[in-house]
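So this one's structure.cif, mmCIF, C-alpha atoms and all ligand atoms:
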data_run
#
loop_
_atom_site.label_atom_id
_atom_site.label_comp_id
_atom_site.auth_asym_id
_atom_site.auth_seq_id
_atom_site.Cartn_x
_atom_site.Cartn_y
_atom_site.Cartn_z
CA MET A 1 177.64 221.36 54.48
CA VAL A 2 175.17 219.19 52.59
CA ASP A 3 173.61 220.89 49.55
CA TYR A 4 170.08 219.48 49.48
CA PRO A 5 167.89 220.12 46.41
CA GLN A 6 165.11 222.56 47.29
CA VAL A 7 161.53 221.52 46.61
CA LEU A 8 158.13 223.14 47.12
CA THR A 9 154.72 221.88 48.17
CA ILE A 10 151.66 224.01 47.42
CA ALA A 11 148.83 222.54 49.48
CA GLY A 12 146.81 222.51 52.69
CA THR A 13 147.91 221.92 56.27
CA ASP A 14 146.76 218.94 58.36
CA SER A 15 146.58 219.41 62.14
CA VAL A 16 147.21 215.64 62.50
CA GLY A 17 150.60 216.04 60.88
CA GLY A 18 149.87 213.01 58.72
CA ALA A 19 148.62 214.41 55.40
CA GLY A 20 148.91 217.59 53.36
CA ILE A 21 151.89 219.85 53.83
CA MET A 22 152.99 218.05 56.99
CA ALA A 23 153.20 214.68 55.21
CA ASP A 24 155.00 216.36 52.33
CA LEU A 25 157.67 217.96 54.54
CA LYS A 26 158.24 214.74 56.51
CA THR A 27 158.62 212.78 53.30
CA MET A 28 160.94 215.36 51.76
CA GLN A 29 163.10 215.32 54.88
CA MET A 30 163.34 211.53 54.74
CA ARG A 31 164.27 211.70 51.04
CA HIS A 32 167.08 214.22 51.73
CA VAL A 33 165.68 217.22 49.93
CA PHE A 34 164.85 220.57 51.54
CA GLY A 35 161.08 221.10 51.63
CA THR A 36 159.44 224.53 51.44
CA ALA A 37 155.70 225.21 51.48
CA VAL A 38 153.09 227.61 50.17
CA VAL A 39 150.02 227.17 52.39
CA VAL A 40 146.81 227.44 50.35
CA ALA A 41 144.38 226.25 53.05
CA VAL A 42 144.37 225.40 56.74
CA THR A 43 142.37 222.39 57.93
CA ALA A 44 141.16 221.43 61.40
CA GLN A 45 141.18 217.64 61.44
CA ASN A 46 142.06 214.54 63.41
CA THR A 47 142.19 210.85 62.54
CA LEU A 48 138.37 210.74 62.84
CA GLY A 49 137.71 213.30 60.11
CA VAL A 50 138.03 216.84 58.82
CA GLN A 51 136.13 219.23 61.10
CA ASP A 52 136.71 222.46 59.17
CA PHE A 53 138.96 224.25 56.71
CA MET A 54 139.56 227.70 55.32
CA ALA A 55 141.51 228.79 52.27
CA LEU A 56 143.86 231.73 52.73
CA PRO A 57 143.39 235.09 51.00
CA GLU A 58 144.84 235.26 47.48
CA LYS A 59 147.21 238.09 48.49
CA LEU A 60 148.86 236.01 51.20
CA ILE A 61 149.28 233.05 48.85
CA ASN A 62 150.90 235.26 46.23
CA GLU A 63 153.20 236.73 48.87
CA GLN A 64 154.35 233.25 49.90
CA PHE A 65 155.20 232.47 46.27
CA ALA A 66 157.07 235.77 45.89
CA SER A 67 158.98 235.27 49.16
CA LEU A 68 160.21 231.84 48.13
CA ALA A 69 160.96 232.81 44.53
CA ALA A 70 163.11 235.71 45.75
CA ASP A 71 165.32 233.51 47.90
CA PHE A 72 165.21 229.85 46.83
CA SER A 73 166.10 227.81 43.76
CA ILE A 74 163.25 225.34 43.68
CA ARG A 75 164.07 222.25 41.62
CA ALA A 76 160.69 220.51 41.71
CA CYS A 77 157.25 221.24 43.10
CA LYS A 78 153.90 219.62 43.81
CA THR A 79 150.33 220.65 44.37
CA GLY A 80 147.93 219.03 46.85
CA MET A 81 144.72 220.38 48.41
CA LEU A 82 143.73 223.57 46.55
CA ALA A 83 140.24 224.12 48.04
CA ASP A 84 138.27 225.81 45.24
CA ALA A 85 138.34 227.12 41.67
CA GLU A 86 139.59 230.57 42.64
CA HIS A 87 142.57 229.09 44.51
CA VAL A 88 143.39 226.62 41.74
CA HIS A 89 143.56 229.62 39.42
CA VAL A 90 145.84 231.60 41.78
CA VAL A 91 148.22 228.63 41.93
CA VAL A 92 148.15 228.15 38.14
CA GLU A 93 149.09 231.82 37.62
CA ALA A 94 152.03 231.48 40.05
CA LEU A 95 153.21 228.29 38.37
CA LYS A 96 153.26 230.15 35.04
CA LYS A 97 155.08 233.12 36.56
CA TYR A 98 157.88 231.28 38.38
CA ASP A 99 160.13 228.41 37.36
CA PHE A 100 159.80 225.79 40.10
CA GLY A 101 160.93 222.85 37.94
CA PRO A 102 158.90 219.73 37.18
CA LEU A 103 155.37 219.83 38.61
CA THR A 104 153.66 216.89 40.31
CA VAL A 105 149.89 217.41 40.49
CA ASP A 106 148.14 215.40 43.19
CA PRO A 107 144.52 216.26 42.34
CA VAL A 108 143.23 216.00 45.92
CA MET A 109 139.42 216.02 46.02
CA ILE A 110 137.99 214.08 48.97
CA ALA A 111 139.59 212.90 52.22
CA LYS A 112 139.29 209.19 53.05
CA GLY A 113 136.65 210.01 55.68
CA GLY A 114 134.49 211.60 52.92
CA ALA A 115 135.17 215.31 53.54
CA PRO A 116 135.48 217.37 50.34
CA LEU A 117 138.82 219.20 50.08
CA LEU A 118 138.08 220.64 46.62
CA ALA A 119 134.83 222.34 45.60
CA ASP A 120 132.94 220.50 42.85
CA ASP A 121 133.13 223.42 40.45
CA ALA A 122 136.93 223.46 40.78
CA ILE A 123 137.33 220.12 39.03
CA GLN A 124 136.93 221.82 35.67
CA THR A 125 139.60 224.41 36.59
CA VAL A 126 141.99 221.61 37.57
CA ARG A 127 141.25 219.86 34.28
CA ASP A 128 141.49 222.94 32.05
CA GLU A 129 144.21 225.00 33.74
CA LEU A 130 146.35 222.82 36.02
CA LEU A 131 146.64 219.48 34.18
CA PRO A 132 148.25 221.05 31.08
CA LEU A 133 151.09 222.24 33.36
CA ALA A 134 151.61 218.84 35.02
CA THR A 135 154.85 216.97 34.46
CA VAL A 136 153.15 214.10 36.27
CA VAL A 137 149.67 213.66 37.74
CA THR A 138 148.78 211.13 40.45
CA PRO A 139 144.99 210.61 40.65
CA ASN A 140 143.35 207.82 42.61
CA LEU A 141 140.43 206.03 40.91
CA PRO A 142 137.64 208.44 41.99
CA GLU A 143 139.79 211.45 41.04
CA ALA A 144 140.63 209.93 37.64
CA GLU A 145 136.92 209.28 37.06
CA ARG A 146 135.98 212.88 37.87
CA LEU A 147 138.76 214.35 35.73
CA THR A 148 138.22 212.13 32.67
CA GLY A 149 134.48 211.49 32.94
CA LEU A 150 135.18 207.75 32.49
CA GLY A 151 133.89 204.97 34.75
CA ILE A 152 136.83 202.87 36.00
CA THR A 153 136.19 199.33 37.18
CA THR A 154 138.65 197.19 35.20
CA THR A 155 142.35 197.33 34.40
CA ASP A 156 141.41 198.21 30.80
CA ASP A 157 139.49 201.18 32.19
CA MET A 158 142.62 202.28 34.07
CA VAL A 159 144.62 202.17 30.82
CA ALA A 160 141.94 204.24 29.06
CA ALA A 161 141.91 206.73 31.96
CA GLY A 162 145.71 207.09 31.79
CA GLN A 163 145.52 207.89 28.09
CA ALA A 164 142.65 210.31 28.70
CA MET A 165 144.67 212.14 31.36
CA GLN A 166 147.50 212.55 28.84
CA ALA A 167 145.00 213.91 26.31
CA LEU A 168 144.11 216.52 28.95
CA GLY A 169 147.75 217.65 28.97
CA ALA A 170 149.51 215.79 31.79
CA LYS A 171 152.80 214.42 30.44
CA ASN A 172 153.16 211.42 32.74
CA VAL A 173 150.31 209.75 34.63
CA ILE A 174 149.98 207.37 37.58
CA ILE A 175 146.46 206.02 38.10
CA LYS A 176 146.51 204.74 41.68
CA GLY A 177 144.51 201.56 42.12
CA GLY A 178 144.40 201.59 45.92
CA HIS A 179 140.78 202.80 46.06
CA GLY A 180 139.50 199.79 44.09
CA HIS A 181 137.31 197.10 45.64
CA ASN A 182 138.12 193.43 46.38
CA GLN A 183 141.84 194.06 46.37
CA THR A 184 144.59 191.52 46.72
CA THR A 185 147.21 193.83 45.29
CA ALA A 186 147.45 197.60 45.16
CA ALA A 187 148.21 197.99 41.45
CA ASP A 188 148.84 201.37 39.83
CA TYR A 189 148.93 202.05 36.11
CA VAL A 190 151.75 204.27 34.84
CA ILE A 191 151.94 205.83 31.40
CA LEU A 192 154.99 207.93 30.58
CA ALA A 193 155.44 210.89 28.27
CA ASP A 194 156.98 208.68 25.54
CA GLY A 195 153.89 206.44 25.55
CA SER A 196 155.55 203.53 27.35
CA ALA A 197 153.49 202.08 30.16
CA PHE A 198 153.84 199.69 33.09
CA TRP A 199 152.01 198.43 36.16
CA LEU A 200 153.30 198.89 39.69
CA SER A 201 152.03 196.45 42.21
CA ALA A 202 152.55 195.86 45.89
CA PRO A 203 150.85 193.34 48.20
CA TRP A 204 147.57 194.68 49.62
CA ILE A 205 148.02 195.76 53.26
CA GLU A 206 144.84 195.55 55.35
CA THR A 207 144.93 198.60 57.63
CA VAL A 208 142.94 201.72 58.51
CA ARG A 209 146.18 203.63 59.00
CA THR A 210 146.41 205.11 55.52
CA HIS A 211 145.97 208.81 56.22
CA GLY A 212 148.19 210.78 53.88
CA THR A 213 149.17 208.00 51.47
CA GLY A 214 148.53 210.12 48.37
CA ASP A 215 150.45 213.08 49.71
CA THR A 216 153.36 210.87 50.71
CA LEU A 217 153.59 209.25 47.27
CA SER A 218 153.48 212.58 45.41
CA ALA A 219 155.94 214.23 47.84
CA CYS A 220 158.44 211.39 47.42
CA LEU A 221 158.03 211.55 43.66
CA THR A 222 158.69 215.31 43.73
CA ALA A 223 161.77 214.80 45.90
CA GLU A 224 163.20 212.21 43.51
CA LEU A 225 162.53 214.41 40.46
CA ALA A 226 164.42 217.24 42.19
CA LYS A 227 167.42 214.91 42.40
CA GLY A 228 167.27 214.50 38.63
CA VAL A 229 166.40 210.80 38.51
CA SER A 230 164.29 209.47 35.63
CA MET A 231 160.50 209.62 35.84
CA ALA A 232 160.19 205.80 35.88
CA THR A 233 162.71 205.44 38.70
CA ALA A 234 161.16 208.32 40.69
CA ILE A 235 157.72 206.67 40.42
CA GLN A 236 159.08 203.28 41.51
CA THR A 237 160.90 204.83 44.47
CA ALA A 238 157.74 206.70 45.52
CA LYS A 239 155.65 203.53 45.38
CA ALA A 240 158.20 201.60 47.44
CA TYR A 241 158.40 204.44 49.99
CA VAL A 242 154.65 204.72 50.53
CA THR A 243 154.28 200.93 50.72
CA ALA A 244 156.96 200.75 53.43
CA ALA A 245 155.38 203.67 55.31
CA ILE A 246 151.95 201.95 55.28
CA LYS A 247 153.49 198.65 56.43
CA ASN A 248 155.49 200.37 59.15
CA THR A 249 152.40 201.31 61.13
CA ILE A 250 152.35 203.71 64.08
CA GLN A 251 149.68 204.00 66.79
CA VAL A 252 148.42 207.60 67.09
CA GLY A 253 144.82 208.80 67.13
CA HIS A 254 141.65 206.72 67.21
CA GLY A 255 140.74 206.47 63.53
CA HIS A 256 142.44 206.63 60.12
CA GLY A 257 145.94 207.04 61.50
CA PRO A 258 148.94 208.49 59.70
CA LEU A 259 151.84 206.63 58.14
CA ASN A 260 155.19 206.01 59.79
CA HIS A 261 157.93 207.77 57.86
CA TRP A 262 160.82 206.06 59.64
CA VAL A 263 161.06 203.58 56.79
N1 LIG A 301 144.14 216.89 54.59
C1 LIG A 301 144.89 217.45 53.66
C2 LIG A 301 145.37 218.84 53.88
C3 LIG A 301 145.21 216.74 52.51
O1 LIG A 301 145.96 217.30 51.55
C4 LIG A 301 144.73 215.41 52.33
C5 LIG A 301 145.04 214.62 51.16
O2 LIG A 301 145.66 215.02 50.24
C6 LIG A 301 143.94 214.87 53.33
C7 LIG A 301 143.68 215.63 54.44
C8 LIG A 301 143.31 213.55 53.21
O3 LIG A 301 144.17 212.54 53.46
P1 LIG A 301 143.61 211.05 53.46
O4 LIG A 301 142.50 210.99 52.46
O5 LIG A 301 144.79 210.25 53.07
O6 LIG A 301 143.14 210.78 54.85
#
File written out as structure tokens:
Amino acid sequence: MVDYPQVLTIAGTDSVGGAGIMADLKTMQMRHVFGTAVVVAVTAQNTLGVQDFMALPEKLINEQFASLAADFSIRACKTGMLADAEHVHVVVEALKKYDFGPLTVDPVMIAKGGAPLLADDAIQTVRDELLPLATVVTPNLPEAERLTGLGITTTDDMVAAGQAMQALGAKNVIIKGGHGHNQTTAADYVILADGSAFWLSAPWIETVRTHGTGDTLSACLTAELAKGVSMATAIQTAKAYVTAAIKNTIQVGHGHGPLNHWV
């Protein structure tokens, strides 16, 4: 019998199966860890956009945490879509109550099609309550701008944003450059807890099939951390995994299609 490390995603569902909890579980499976999930919100979406979503009642979220905590030994966890300030707070309280190992915070705010997945007034709750708990945080450029209040257009700005995220309490930070304009490479800035920093770059892939890239990166990172590998190695593995999954395109849906996890 294979003893897979157990990991947890705390996030929203995606009816496409390409982002959110579904992307997380697929990625975790591919990385040979056992994925569990606390569902915070349910979305109705396809590759053309997000049609609707609803966050679950606080009681049911707390019951999911309690059920898992009573039966599983979670070695690493991640957060994704958290919907609104009230739900961010519920998740923060659970993360303080239970030991789920290192925490990856993917501060999901807006889907690529433009649909908000986090209420505006929740950004402050993420900044004040969730970031101080983060072992590693993985914002894209717009998310890093909202969380730090900085404008980010240059690589120097990305370095400043990484330092600002650490000042907000996140121990390790990846600022994902994939949402920048005029790209030839998809370069991410990484600053680690000990202050060392490096850039991760991969050739720019021109495709609309990028649904769930952020979830996939943070889920892979969480899986690697559960295996006990170093933060730098986990980040490099996650970047390589998501790059391969973007390259390895699959034809489903009519719009921003999901990644192919058979990498
Ligand atoms: N739906 C859910 C539940 C998500 O968590 C996310 C991203 O984290 C998305 C949709 C958006 O995915 P994308 O912007 O990659 O299309």
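Closest approach to ligand LIG 301 (chain A) among A:Thr125, A:Thr43, A:Thr138, A:Gln29: A:Thr43, based on only C-alpha atoms and all ligand atoms.
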Contacts with ligand LIG 301 (chain A) at most 8 Å, only C-alpha atoms and all ligand atoms counted, listed as a PDB file with C-alpha atoms, in the frame of the given file:
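Everything below was put into pocket-v8.pdb:
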ATOM      1  CA  ALA A  11     148.830 222.540  49.480  1.00  0.00           C
ATOM      2  CA  GLY A  12     146.810 222.510  52.690  1.00  0.00           C
ATOM      3  CA  THR A  13     147.910 221.920  56.270  1.00  0.00           C
ATOM      4  CA  ASP A  14     146.760 218.940  58.360  1.00  0.00           C
ATOM      5  CA  GLY A  18     149.870 213.010  58.720  1.00  0.00           C
ATOM      6  CA  ALA A  19     148.620 214.410  55.400  1.00  0.00           C
ATOM      7  CA  GLY A  20     148.910 217.590  53.360  1.00  0.00           C
ATOM      8  CA  ILE A  21     151.890 219.850  53.830  1.00  0.00           C
ATOM      9  CA  ALA A  41     144.380 226.250  53.050  1.00  0.00           C
ATOM     10  CA  VAL A  42     144.370 225.400  56.740  1.00  0.00           C
ATOM     11  CA  THR A  43     142.370 222.390  57.930  1.00  0.00           C
ATOM     12  CA  GLN A  45     141.180 217.640  61.440  1.00  0.00           C
ATOM     13  CA  THR A  47     142.190 210.850  62.540  1.00  0.00           C
ATOM     14  CA  GLY A  49     137.710 213.300  60.110  1.00  0.00           C
ATOM     15  CA  VAL A  50     138.030 216.840  58.820  1.00  0.00           C
ATOM     16  CA  GLY A  80     147.930 219.030  46.850  1.00  0.00           C
ATOM     17  CA  MET A  81     144.720 220.380  48.410  1.00  0.00           C
ATOM     18  CA  ASP A 106     148.140 215.400  43.190  1.00  0.00           C
ATOM     19  CA  VAL A 108     143.230 216.000  45.920  1.00  0.00           C
ATOM     20  CA  MET A 109     139.420 216.020  46.020  1.00  0.00           C
ATOM     21  CA  ILE A 110     137.990 214.080  48.970  1.00  0.00           C
ATOM     22  CA  ALA A 111     139.590 212.900  52.220  1.00  0.00           C
ATOM     23  CA  LYS A 112     139.290 209.190  53.050  1.00  0.00           C
ATOM     24  CA  GLY A 113     136.650 210.010  55.680  1.00  0.00           C
ATOM     25  CA  LEU A 117     138.820 219.200  50.080  1.00  0.00           C
ATOM     26  CA  THR A 210     146.410 205.110  55.520  1.00  0.00           C
ATOM     27  CA  HIS A 211     145.970 208.810  56.220  1.00  0.00           C
ATOM     28  CA  GLY A 212     148.190 210.780  53.880  1.00  0.00           C
ATOM     29  CA  THR A 213     149.170 208.000  51.470  1.00  0.00           C
ATOM     30  CA  GLY A 214     148.530 210.120  48.370  1.00  0.00           C
ATOM     31  CA  ASP A 215     150.450 213.080  49.710  1.00  0.00           C
ATOM     32  CA  HIS A 256     142.440 206.630  60.120  1.00  0.00           C
ATOM     33  CA  PRO A 258     148.940 208.490  59.700  1.00  0.00           C
TER      34      PRO A 258
END
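Across A:Val126, A:Ala66, A:Leu25, A:Ala226, the tightest approach to Lys97 in chain A is made by A:Ala66 when counting only C-alpha atoms.
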- Message: What does the structure give for the distance between CA of Leu56 in chain A and CA of His87 in chain A, in Å to one decimal?
- Response: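 Computed distance, CA of Leu56 in chain A to CA of His87 in chain A, equals 8.7 Å.
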Taking all atoms listed in the file into account, produce a table as CSV in which each residue of range 114-158 of chain A with an atom at most 10 Å from an atom of range 164-177 of chain A appears once, together with its shortest atom pair and the distance in Å to one decimal, ordered by chain and rising number.
residue,atom,partner,partner_atom,distance
A:Arg127,CA,A:Leu168,CA,6.9
A:Asp128,CA,A:Leu168,CA,7.6
A:Glu129,CA,A:Gly169,CA,9.5
A:Leu130,CA,A:Ala170,CA,8.8
A:Leu131,CA,A:Ala170,CA,5.3
A:Pro132,CA,A:Gly169,CA,4.0
A:Leu133,CA,A:Ala170,CA,6.8
A:Ala134,CA,A:Ala170,CA,4.9
A:Thr135,CA,A:Lys171,CA,5.2
A:Val136,CA,A:Asn172,CA,4.4
A:Val137,CA,A:Val173,CA,5.0
A:Thr138,CA,A:Ile174,CA,4.9
A:Pro139,CA,A:Ile175,CA,5.5
A:Asn140,CA,A:Lys176,CA,4.5
A:Leu141,CA,A:Gly177,CA,6.2
A:Pro142,CA,A:Lys176,CA,9.6
A:Glu143,CA,A:Ile175,CA,9.1
A:Ala144,CA,A:Ile175,CA,7.0
A:Leu147,CA,A:Met165,CA,7.7
A:Thr148,CA,A:Ala164,CA,6.2
A:Gly149,CA,A:Ala164,CA,9.3
A:Leu150,CA,A:Ala164,CA,8.8
A:Ile152,CA,A:Gly177,CA,9.9
A:Thr153,CA,A:Gly177,CA,9.9
A:Thr155,CA,A:Gly177,CA,9.1
A:Met158,CA,A:Ile175,CA,6.7
- Message: Counting only C-alpha atoms, which residue out of A:His32, A:Lys26, A:Lys96, A:Arg146 sits closest to Lys227 in chain A?
- Response: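 Comparing A:His32, A:Lys26, A:Lys96, A:Arg146 against Lys227 in chain A, the winner is A:His32.
Atom pair CA of Ala219 in chain A / CA of Ile191 in chain A has a distance of 18.9 Å (rounded to one decimal).
Distance annotation: of A:Thr36, A:Ala55, A:Pro102, A:Asn62, the residue with the minimal separation from Gly228 in chain A is A:Pro102; atom set is all atoms listed in the file.
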- Of A:Val229, A:Ala187, A:Ala23, A:Val39, the one sitting nearest Thr243 in chain A when using all atoms listed in the file is A:Ala187
- Task: Please determine the residues with any atom at most 8 Å from (146.9, 226.5, 44.1) (coordinates as given in the file, with all atoms listed in the file counting) and report them as a ChimeraX atom specification.
- Result: /A:10-11,40,79,81-82,87-92
- Item | Residue nearest Thr237 in chain A - candidates A:Thr216, A:Thr9, A:Gln51, A:Gln251, atoms counted: all atoms listed in the file |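 Comparing A:Thr216, A:Thr9, A:Gln51, A:Gln251 against Thr237 in chain A, the winner is A:Thr216.
Reported to one decimal place, the separation of CA of Phe65 in chain A from CA of Pro5 in chain A is 17.7 Å.
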- Within-9 Å shell of (142.1, 203.6, 65.3) in input frame, all atoms listed in the file, as a PyMOL selection string: chain A and resi 47-48+208-209+251-257
Atoms added to range 186-218 of chain A (N, CA and C atoms), reported as a tab-separated table (two decimals), keeping the file's coordinate frame:
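Dumped everything to out-v6.tsv:
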chain	number	residue	atom	x	y	z
A	186	ALA	N	147.70	196.18	45.40
A	186	ALA	CA	147.45	197.60	45.16
A	186	ALA	C	148.18	197.96	43.88
A	187	ALA	N	147.53	197.79	42.73
A	187	ALA	CA	148.21	197.99	41.45
A	187	ALA	C	147.91	199.37	40.87
A	188	ASP	N	148.96	200.05	40.45
A	188	ASP	CA	148.84	201.37	39.83
A	188	ASP	C	149.26	201.27	38.37
A	189	TYR	N	148.58	202.02	37.52
A	189	TYR	CA	148.93	202.05	36.11
A	189	TYR	C	149.73	203.31	35.82
A	190	VAL	N	150.88	203.13	35.16
A	190	VAL	CA	151.75	204.27	34.84
A	190	VAL	C	151.89	204.39	33.33
A	191	ILE	N	151.64	205.59	32.81
A	191	ILE	CA	151.94	205.83	31.40
A	191	ILE	C	152.84	207.06	31.32
A	192	LEU	N	153.97	206.88	30.63
A	192	LEU	CA	154.99	207.93	30.58
A	192	LEU	C	154.83	208.79	29.34
A	193	ALA	N	155.56	209.91	29.35
A	193	ALA	CA	155.44	210.89	28.27
A	193	ALA	C	155.73	210.28	26.89
A	194	ASP	N	156.63	209.28	26.85
A	194	ASP	CA	156.98	208.68	25.54
A	194	ASP	C	155.98	207.60	25.13
A	195	GLY	N	154.93	207.42	25.90
A	195	GLY	CA	153.89	206.44	25.55
A	195	GLY	C	154.11	205.06	26.15
A	196	SER	N	155.32	204.83	26.72
A	196	SER	CA	155.55	203.53	27.35
A	196	SER	C	154.75	203.45	28.65
A	197	ALA	N	154.37	202.24	29.01
A	197	ALA	CA	153.49	202.08	30.16
A	197	ALA	C	153.90	200.86	30.97
A	198	PHE	N	153.59	200.86	32.25
A	198	PHE	CA	153.84	199.69	33.09
A	198	PHE	C	152.92	199.71	34.30
A	199	TRP	N	152.82	198.55	34.93
A	199	TRP	CA	152.01	198.43	36.16
A	199	TRP	C	152.96	198.35	37.34
A	200	LEU	N	152.53	198.96	38.45
A	200	LEU	CA	153.30	198.89	39.69
A	200	LEU	C	152.42	198.15	40.67
A	201	SER	N	152.92	197.07	41.23
A	201	SER	CA	152.03	196.45	42.21
A	201	SER	C	152.77	196.16	43.50
A	202	ALA	N	152.02	196.17	44.57
A	202	ALA	CA	152.55	195.86	45.89
A	202	ALA	C	151.48	195.03	46.59
A	203	PRO	N	151.86	194.14	47.50
A	203	PRO	CA	150.85	193.34	48.20
A	203	PRO	C	149.88	194.25	48.95
A	204	TRP	N	148.59	193.90	48.92
A	204	TRP	CA	147.57	194.68	49.62
A	204	TRP	C	147.81	194.59	51.13
A	205	ILE	N	147.82	195.74	51.80
A	205	ILE	CA	148.02	195.76	53.26
A	205	ILE	C	146.69	196.16	53.89
A	206	GLU	N	146.13	195.27	54.72
A	206	GLU	CA	144.84	195.55	55.35
A	206	GLU	C	145.07	196.41	56.59
A	207	THR	N	144.71	197.68	56.51
A	207	THR	CA	144.93	198.60	57.63
A	207	THR	C	144.04	199.82	57.47
A	208	VAL	N	143.65	200.44	58.61
A	208	VAL	CA	142.94	201.72	58.51
A	208	VAL	C	143.92	202.89	58.58
A	209	ARG	N	145.18	202.57	58.80
A	209	ARG	CA	146.18	203.63	59.00
A	209	ARG	C	146.79	204.03	57.65
A	210	THR	N	145.98	204.73	56.86
A	210	THR	CA	146.41	205.11	55.52
A	210	THR	C	146.25	206.60	55.29
A	211	HIS	N	146.16	207.36	56.35
A	211	HIS	CA	145.97	208.81	56.22
A	211	HIS	C	147.23	209.45	55.63
A	212	GLY	N	147.06	210.08	54.49
A	212	GLY	CA	148.19	210.78	53.88
A	212	GLY	C	148.98	209.96	52.87
A	213	THR	N	148.42	208.84	52.43
A	213	THR	CA	149.17	208.00	51.47
A	213	THR	C	149.43	208.73	50.15
A	214	GLY	N	148.39	209.42	49.66
A	214	GLY	CA	148.53	210.12	48.37
A	214	GLY	C	149.55	211.24	48.44
A	215	ASP	N	149.51	211.98	49.54
A	215	ASP	CA	150.45	213.08	49.71
A	215	ASP	C	151.89	212.54	49.79
A	216	THR	N	152.04	211.45	50.52
A	216	THR	CA	153.36	210.87	50.71
A	216	THR	C	153.95	210.39	49.38
A	217	LEU	N	153.11	209.72	48.58
A	217	LEU	CA	153.59	209.25	47.27
A	217	LEU	C	154.01	210.43	46.39
A	218	SER	N	153.16	211.46	46.32
A	218	SER	CA	153.48	212.58	45.41
A	218	SER	C	154.65	213.41	45.95
